[in-house]
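Have a look at the structure below before the remarks.
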Amino acid sequence: MSKYSVDSSKYQELKKTLADLNKQELEAANSNADLKKSIVDLRFKPFDDAKESLDNLITDFDNLRNMMDSDTFMEDNGSFTKQGLANISLINQAAEATKQQIANYNAQLAAVEKEYQNHNITEEDYKQRTKDLKSSIQQASQSLNGYEQSLIQVYSDQISKENDYLQENIDKRKTALTQKKA
């Protein structure tokens with residue numbers, strides 16, 4: 001049973017004090033949640049910074065390759081020119097940077113799992129981050145496959161050009177031999 005009447009000033013004062021304490025408790029809980037989120041975001045900042053740096057690097061490699069004239073990549077005999085070798089190098093560097101991206105995404109995926117297991121992120125945040133990272137891994141894997149296909153195409157073009165050059169040489173020798181016999 002209550003010591004104070006609902007209408008008494010003491011009761012109203014205690015009620016207000018209790019409401020203020022409840023409000024302060026709620027504000028403290030919200031502040032703790034915000035702090036926890038900030039800490040988690042801070043833990044993932046190096047991953048985000050690395051992703052941005054690698055994205056910029058890959059874009060730079062791709063832009064340089066796109067500015068190059070593919071007609072200048074090979075000599076008539078099928079050997080690579082300096083531009084052709086530079087193209088191969090840019091493809092390789094972009095592929096290596098993409099492999100590093102995939103490794104970073106996998107490390108971030110493990111970090112997300114750890115944060116979730118330690119109850120530092122919500123299930124919803126865990127699912128969203130996991131989904132985003134898996135999507136990024138798939139996109140990076142497709143890009144890596146594209147670089148590998150580009151390298152295969154470069155070497156295939158080289159082999160074709162070298163074969164054409166050798167066939168021309170064979171044809172010229174046959175013609176010269178035929179003329180010599182005649």
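Letters for chains follow the order of the structure tokens (A, B, ...), residue numbers begin at 1 for each chain, and ligand numbers begin at 1 in the order shown.
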Neighbour list for stretch 162-174 of chain A as a PyMOL selection string, cut-off 12 Å, only C-alpha atoms, skip fewer than 6 positions in-chain: chain A and resi 74-80+155-156+180-181
query: If you count only C-alpha atoms, which residues fall within 8 Å of A:Tyr147, apart from same-chain ones fewer than 3 positions away, as a PyMOL selection string?
result: chain A and resi 91-92+94-95+143-144+150-151
Keeping N, CA and C atoms, export the residues of the selection given above as a short mmCIF file (atom, residue, chain, number, x, y, z; two decimals), in the first residue's frame.
```cif
data_model
loop_
_atom_site.label_atom_id
_atom_site.label_comp_id
_atom_site.auth_asym_id
_atom_site.auth_seq_id
_atom_site.Cartn_x
_atom_site.Cartn_y
_atom_site.Cartn_z
N ILE A 91 46.51 -5.32 -67.06
CA ILE A 91 45.52 -6.38 -66.81
C ILE A 91 45.93 -7.18 -65.58
N ASN A 92 47.21 -7.55 -65.51
CA ASN A 92 47.70 -8.32 -64.35
C ASN A 92 47.56 -7.54 -63.06
N ALA A 94 45.43 -5.10 -62.38
CA ALA A 94 44.00 -5.00 -62.04
C ALA A 94 43.52 -6.34 -61.46
N ALA A 95 43.97 -7.45 -62.03
CA ALA A 95 43.58 -8.77 -61.52
C ALA A 95 44.11 -8.98 -60.11
N SER A 143 34.67 -9.76 -62.16
CA SER A 143 35.70 -8.87 -62.72
C SER A 143 37.00 -9.63 -62.92
N LEU A 144 37.37 -10.44 -61.94
CA LEU A 144 38.59 -11.22 -62.05
C LEU A 144 38.52 -12.16 -63.25
N SER A 150 40.52 -11.52 -70.64
CA SER A 150 41.25 -10.52 -71.43
C SER A 150 42.68 -11.00 -71.70
N LEU A 151 43.32 -11.56 -70.68
CA LEU A 151 44.68 -12.09 -70.89
C LEU A 151 44.68 -13.24 -71.89
#
```
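Across the model, the gap from atom CA of A:Lys3 to atom CA of A:Asp20 is 20.8 Å.
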task: Please provide as a list in words all residues within 12 Å of A:Thr81, with the sequence filter that same-chain residues fewer than 5 positions apart are discarded (counting only C-alpha atoms).
output: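 Counting only C-alpha atoms, the residues come to Asp69, Ser70, Asp71, Thr72, Phe73, Met74, Glu75, Asp76, Ala86, Asn87, Ile88 and Gln158 of chain A.
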field: Polymer residues at most 10 Å from A:Lys131, only C-alpha atoms, same-chain spacing of 6 or more positions, as a count of residues only
entry: 3
message: Can you tell me which residues surround A:Phe44 at a distance of at most 9 Å, considering only C-alpha atoms, apart from same-chain residues fewer than 6 positions away, and format the answer as JSON, numbers by chain?
response: {"A": [108, 111, 112]}
field: Residue contacts of A:Ala97 (10 Å, only C-alpha atoms) excluding same-chain residues fewer than 4 positions away, as a PyMOL selection string
entry: chain A and resi 53-55+57-58+61+91-93+101-103+140+144
Output N, CA and C atoms of each residue in that selection to a file, as a compact mmCIF listing (two decimals), in the first residue's frame.
```
# COMPACT_ATOMS: atom_id res chain seq x y z
N SER A 53 40.30 2.48 -51.79
CA SER A 53 41.62 2.59 -52.42
C SER A 53 41.76 1.59 -53.57
N LEU A 54 41.35 0.35 -53.34
CA LEU A 54 41.45 -0.67 -54.39
C LEU A 54 40.50 -0.37 -55.55
N ASP A 55 39.30 0.10 -55.24
CA ASP A 55 38.37 0.49 -56.31
C ASP A 55 38.98 1.57 -57.19
N LEU A 57 42.18 2.27 -57.59
CA LEU A 57 43.32 1.71 -58.30
C LEU A 57 42.86 0.90 -59.52
N ILE A 58 41.88 0.06 -59.33
CA ILE A 58 41.36 -0.76 -60.44
C ILE A 58 40.77 0.14 -61.52
N PHE A 61 43.62 1.58 -63.52
CA PHE A 61 44.17 0.59 -64.45
C PHE A 61 43.26 0.43 -65.67
N ILE A 91 46.51 -5.32 -67.06
CA ILE A 91 45.52 -6.38 -66.81
C ILE A 91 45.93 -7.18 -65.58
N ASN A 92 47.21 -7.55 -65.51
CA ASN A 92 47.70 -8.32 -64.35
C ASN A 92 47.56 -7.54 -63.06
N GLN A 93 47.89 -6.25 -63.08
CA GLN A 93 47.78 -5.44 -61.87
C GLN A 93 46.33 -5.29 -61.42
N GLN A 101 40.95 -7.44 -53.25
CA GLN A 101 39.59 -7.06 -52.85
C GLN A 101 38.83 -8.27 -52.32
N ILE A 102 38.91 -9.36 -53.02
CA ILE A 102 38.19 -10.57 -52.61
C ILE A 102 38.70 -11.04 -51.25
N ALA A 103 40.02 -10.99 -51.05
CA ALA A 103 40.59 -11.38 -49.76
C ALA A 103 40.09 -10.43 -48.66
N ALA A 140 33.36 -8.94 -57.68
CA ALA A 140 34.81 -8.95 -57.84
C ALA A 140 35.27 -10.22 -58.55
N LEU A 144 37.37 -10.44 -61.94
CA LEU A 144 38.59 -11.22 -62.05
C LEU A 144 38.52 -12.16 -63.25
```
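Here the question is which of A:Lys10, A:Lys99, A:Ser141, A:Tyr105 gets nearest to A:Asp48 using only C-alpha atoms, and that residue is A:Tyr105.
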- prompt: In Å, how far is it from atom CA of A:Ser5 to atom CA of A:Ala19?
  reply: 17.6 Å
message: Please extract the residues of chain A with a backbone DSSP assignment of alpha helix (DSSP H) and present them as number ranges by chain.
response: A: 9-67, 82-117, 123-181
Could those selected residues go to a file with C-alpha atoms, as a short mmCIF file (atom, residue, chain, number, x, y, z; two decimals), in the first residue's frame?
```cif
data_model
loop_
_atom_site.label_atom_id
_atom_site.label_comp_id
_atom_site.auth_asym_id
_atom_site.auth_seq_id
_atom_site.Cartn_x
_atom_site.Cartn_y
_atom_site.Cartn_z
CA SER A 9 2.82 17.00 -3.58
CA LYS A 10 5.35 14.44 -2.31
CA TYR A 11 3.77 11.76 -4.50
CA GLN A 12 3.88 14.08 -7.53
CA GLU A 13 7.51 14.96 -6.77
CA LEU A 14 8.48 11.27 -6.52
CA LYS A 15 6.53 10.50 -9.69
CA LYS A 16 8.42 13.25 -11.54
CA THR A 17 11.74 12.01 -10.16
CA LEU A 18 10.93 8.47 -11.29
CA ALA A 19 9.93 9.72 -14.75
CA ASP A 20 13.18 11.69 -14.99
CA LEU A 21 15.18 8.62 -13.96
CA ASN A 22 13.37 6.50 -16.57
CA LYS A 23 14.10 9.16 -19.19
CA GLN A 24 17.78 9.28 -18.18
CA GLU A 25 17.97 5.50 -18.28
CA LEU A 26 16.49 5.48 -21.78
CA GLU A 27 18.87 8.23 -22.92
CA ALA A 28 21.82 6.30 -21.47
CA ALA A 29 20.69 3.14 -23.27
CA ASN A 30 20.39 5.09 -26.53
CA SER A 31 23.81 6.64 -25.98
CA ASN A 32 25.28 3.20 -25.32
CA ALA A 33 23.68 1.85 -28.49
CA ASP A 34 25.05 4.79 -30.49
CA LEU A 35 28.48 4.28 -28.97
CA LYS A 36 28.38 0.57 -29.74
CA LYS A 37 27.42 1.33 -33.35
CA SER A 38 30.23 3.87 -33.62
CA ILE A 39 32.72 1.34 -32.30
CA VAL A 40 31.55 -1.26 -34.83
CA ASP A 41 31.70 1.30 -37.64
CA LEU A 42 35.20 2.24 -36.52
CA ARG A 43 36.26 -1.41 -36.62
CA PHE A 44 35.07 -1.67 -40.23
CA LYS A 45 36.59 1.65 -41.34
CA PRO A 46 39.91 0.10 -42.40
CA PHE A 47 38.00 -2.33 -44.63
CA ASP A 48 36.01 0.52 -46.16
CA ASP A 49 39.16 2.59 -46.70
CA ALA A 50 40.95 -0.35 -48.33
CA LYS A 51 37.93 -1.01 -50.56
CA GLU A 52 37.87 2.59 -51.72
CA SER A 53 41.62 2.59 -52.42
CA LEU A 54 41.45 -0.67 -54.39
CA ASP A 55 38.37 0.49 -56.31
CA ASN A 56 40.22 3.67 -57.31
CA LEU A 57 43.32 1.71 -58.30
CA ILE A 58 41.36 -0.76 -60.44
CA THR A 59 39.48 2.11 -62.09
CA ASP A 60 42.80 3.80 -62.89
CA PHE A 61 44.17 0.59 -64.45
CA ASP A 62 41.02 0.13 -66.52
CA ASN A 63 41.01 3.77 -67.64
CA LEU A 64 44.64 3.54 -68.75
CA ARG A 65 43.90 0.36 -70.71
CA ASN A 66 40.88 1.98 -72.35
CA MET A 67 43.00 4.93 -73.50
CA LYS A 82 55.92 -1.81 -75.35
CA GLN A 83 52.25 -0.79 -75.43
CA GLY A 84 51.21 -4.44 -75.65
CA LEU A 85 53.40 -5.34 -72.69
CA ALA A 86 52.01 -2.36 -70.77
CA ASN A 87 48.48 -3.60 -71.53
CA ILE A 88 49.34 -7.06 -70.16
CA SER A 89 50.88 -5.48 -67.08
CA LEU A 90 47.78 -3.33 -66.47
CA ILE A 91 45.52 -6.38 -66.81
CA ASN A 92 47.70 -8.32 -64.35
CA GLN A 93 47.78 -5.44 -61.87
CA ALA A 94 44.00 -5.00 -62.04
CA ALA A 95 43.58 -8.77 -61.52
CA GLU A 96 45.91 -8.73 -58.51
CA ALA A 97 44.08 -5.75 -57.00
CA THR A 98 40.79 -7.59 -57.55
CA LYS A 99 42.18 -10.68 -55.81
CA GLN A 100 43.14 -8.44 -52.89
CA GLN A 101 39.59 -7.06 -52.85
CA ILE A 102 38.19 -10.57 -52.61
CA ALA A 103 40.59 -11.38 -49.76
CA ASN A 104 39.54 -8.17 -47.97
CA TYR A 105 35.85 -8.98 -48.43
CA ASN A 106 36.42 -12.45 -46.96
CA ALA A 107 38.27 -10.94 -43.99
CA GLN A 108 35.46 -8.44 -43.50
CA LEU A 109 32.93 -11.27 -43.68
CA ALA A 110 34.80 -13.04 -40.87
CA ALA A 111 34.87 -9.79 -38.87
CA VAL A 112 31.11 -9.36 -39.34
CA GLU A 113 30.58 -12.91 -38.10
CA LYS A 114 32.75 -12.20 -35.05
CA GLU A 115 30.91 -8.95 -34.27
CA TYR A 116 27.59 -10.78 -34.53
CA GLN A 117 28.79 -13.63 -32.28
CA GLU A 123 20.80 -9.80 -36.62
CA GLU A 124 19.36 -7.40 -39.20
CA ASP A 125 22.71 -5.58 -39.53
CA TYR A 126 24.51 -8.94 -39.71
CA LYS A 127 22.25 -10.17 -42.52
CA GLN A 128 22.57 -6.92 -44.48
CA ARG A 129 26.37 -6.72 -44.15
CA THR A 130 26.72 -10.41 -45.05
CA LYS A 131 24.47 -9.98 -48.09
CA ASP A 132 26.40 -6.88 -49.24
CA LEU A 133 29.76 -8.58 -48.80
CA LYS A 134 28.71 -11.72 -50.64
CA SER A 135 27.41 -9.58 -53.48
CA SER A 136 30.73 -7.68 -53.57
CA ILE A 137 32.65 -10.97 -53.64
CA GLN A 138 30.55 -12.16 -56.57
CA GLN A 139 31.07 -8.90 -58.48
CA ALA A 140 34.81 -8.95 -57.84
CA SER A 141 34.97 -12.60 -58.92
CA GLN A 142 33.22 -11.71 -62.18
CA SER A 143 35.70 -8.87 -62.72
CA LEU A 144 38.59 -11.22 -62.05
CA ASN A 145 37.19 -13.66 -64.59
CA GLY A 146 36.95 -10.77 -67.07
CA TYR A 147 40.64 -9.92 -66.56
CA GLU A 148 41.61 -13.56 -67.02
CA GLN A 149 39.57 -13.73 -70.23
CA SER A 150 41.25 -10.52 -71.43
CA LEU A 151 44.68 -12.09 -70.89
CA ILE A 152 43.62 -15.24 -72.72
CA GLN A 153 42.38 -13.09 -75.60
CA VAL A 154 45.63 -11.09 -75.75
CA TYR A 155 47.72 -14.26 -75.97
CA SER A 156 45.28 -15.87 -78.40
CA ASP A 157 45.54 -12.78 -80.65
CA GLN A 158 49.32 -12.96 -80.41
CA ILE A 159 49.38 -16.63 -81.41
CA SER A 160 47.06 -15.95 -84.35
CA LYS A 161 49.14 -13.02 -85.55
CA GLU A 162 52.37 -15.01 -85.20
CA ASN A 163 50.83 -17.96 -87.08
CA ASP A 164 49.64 -15.62 -89.86
CA TYR A 165 53.14 -14.14 -90.11
CA LEU A 166 54.72 -17.61 -90.27
CA GLN A 167 52.18 -18.78 -92.86
CA GLU A 168 53.00 -15.75 -95.02
CA ASN A 169 56.69 -16.60 -94.71
CA ILE A 170 56.01 -20.23 -95.67
CA ASP A 171 53.95 -19.12 -98.67
CA LYS A 172 56.72 -16.76 -99.81
CA ARG A 173 59.29 -19.55 -99.53
CA LYS A 174 57.07 -21.94 -101.49
CA THR A 175 56.63 -19.33 -104.20
CA ALA A 176 60.38 -18.68 -104.31
CA LEU A 177 61.11 -22.43 -104.46
CA THR A 178 58.58 -22.90 -107.25
CA GLN A 179 60.12 -20.00 -109.22
CA LYS A 180 63.60 -21.38 -108.64
CA LYS A 181 62.59 -24.79 -110.02
#
```
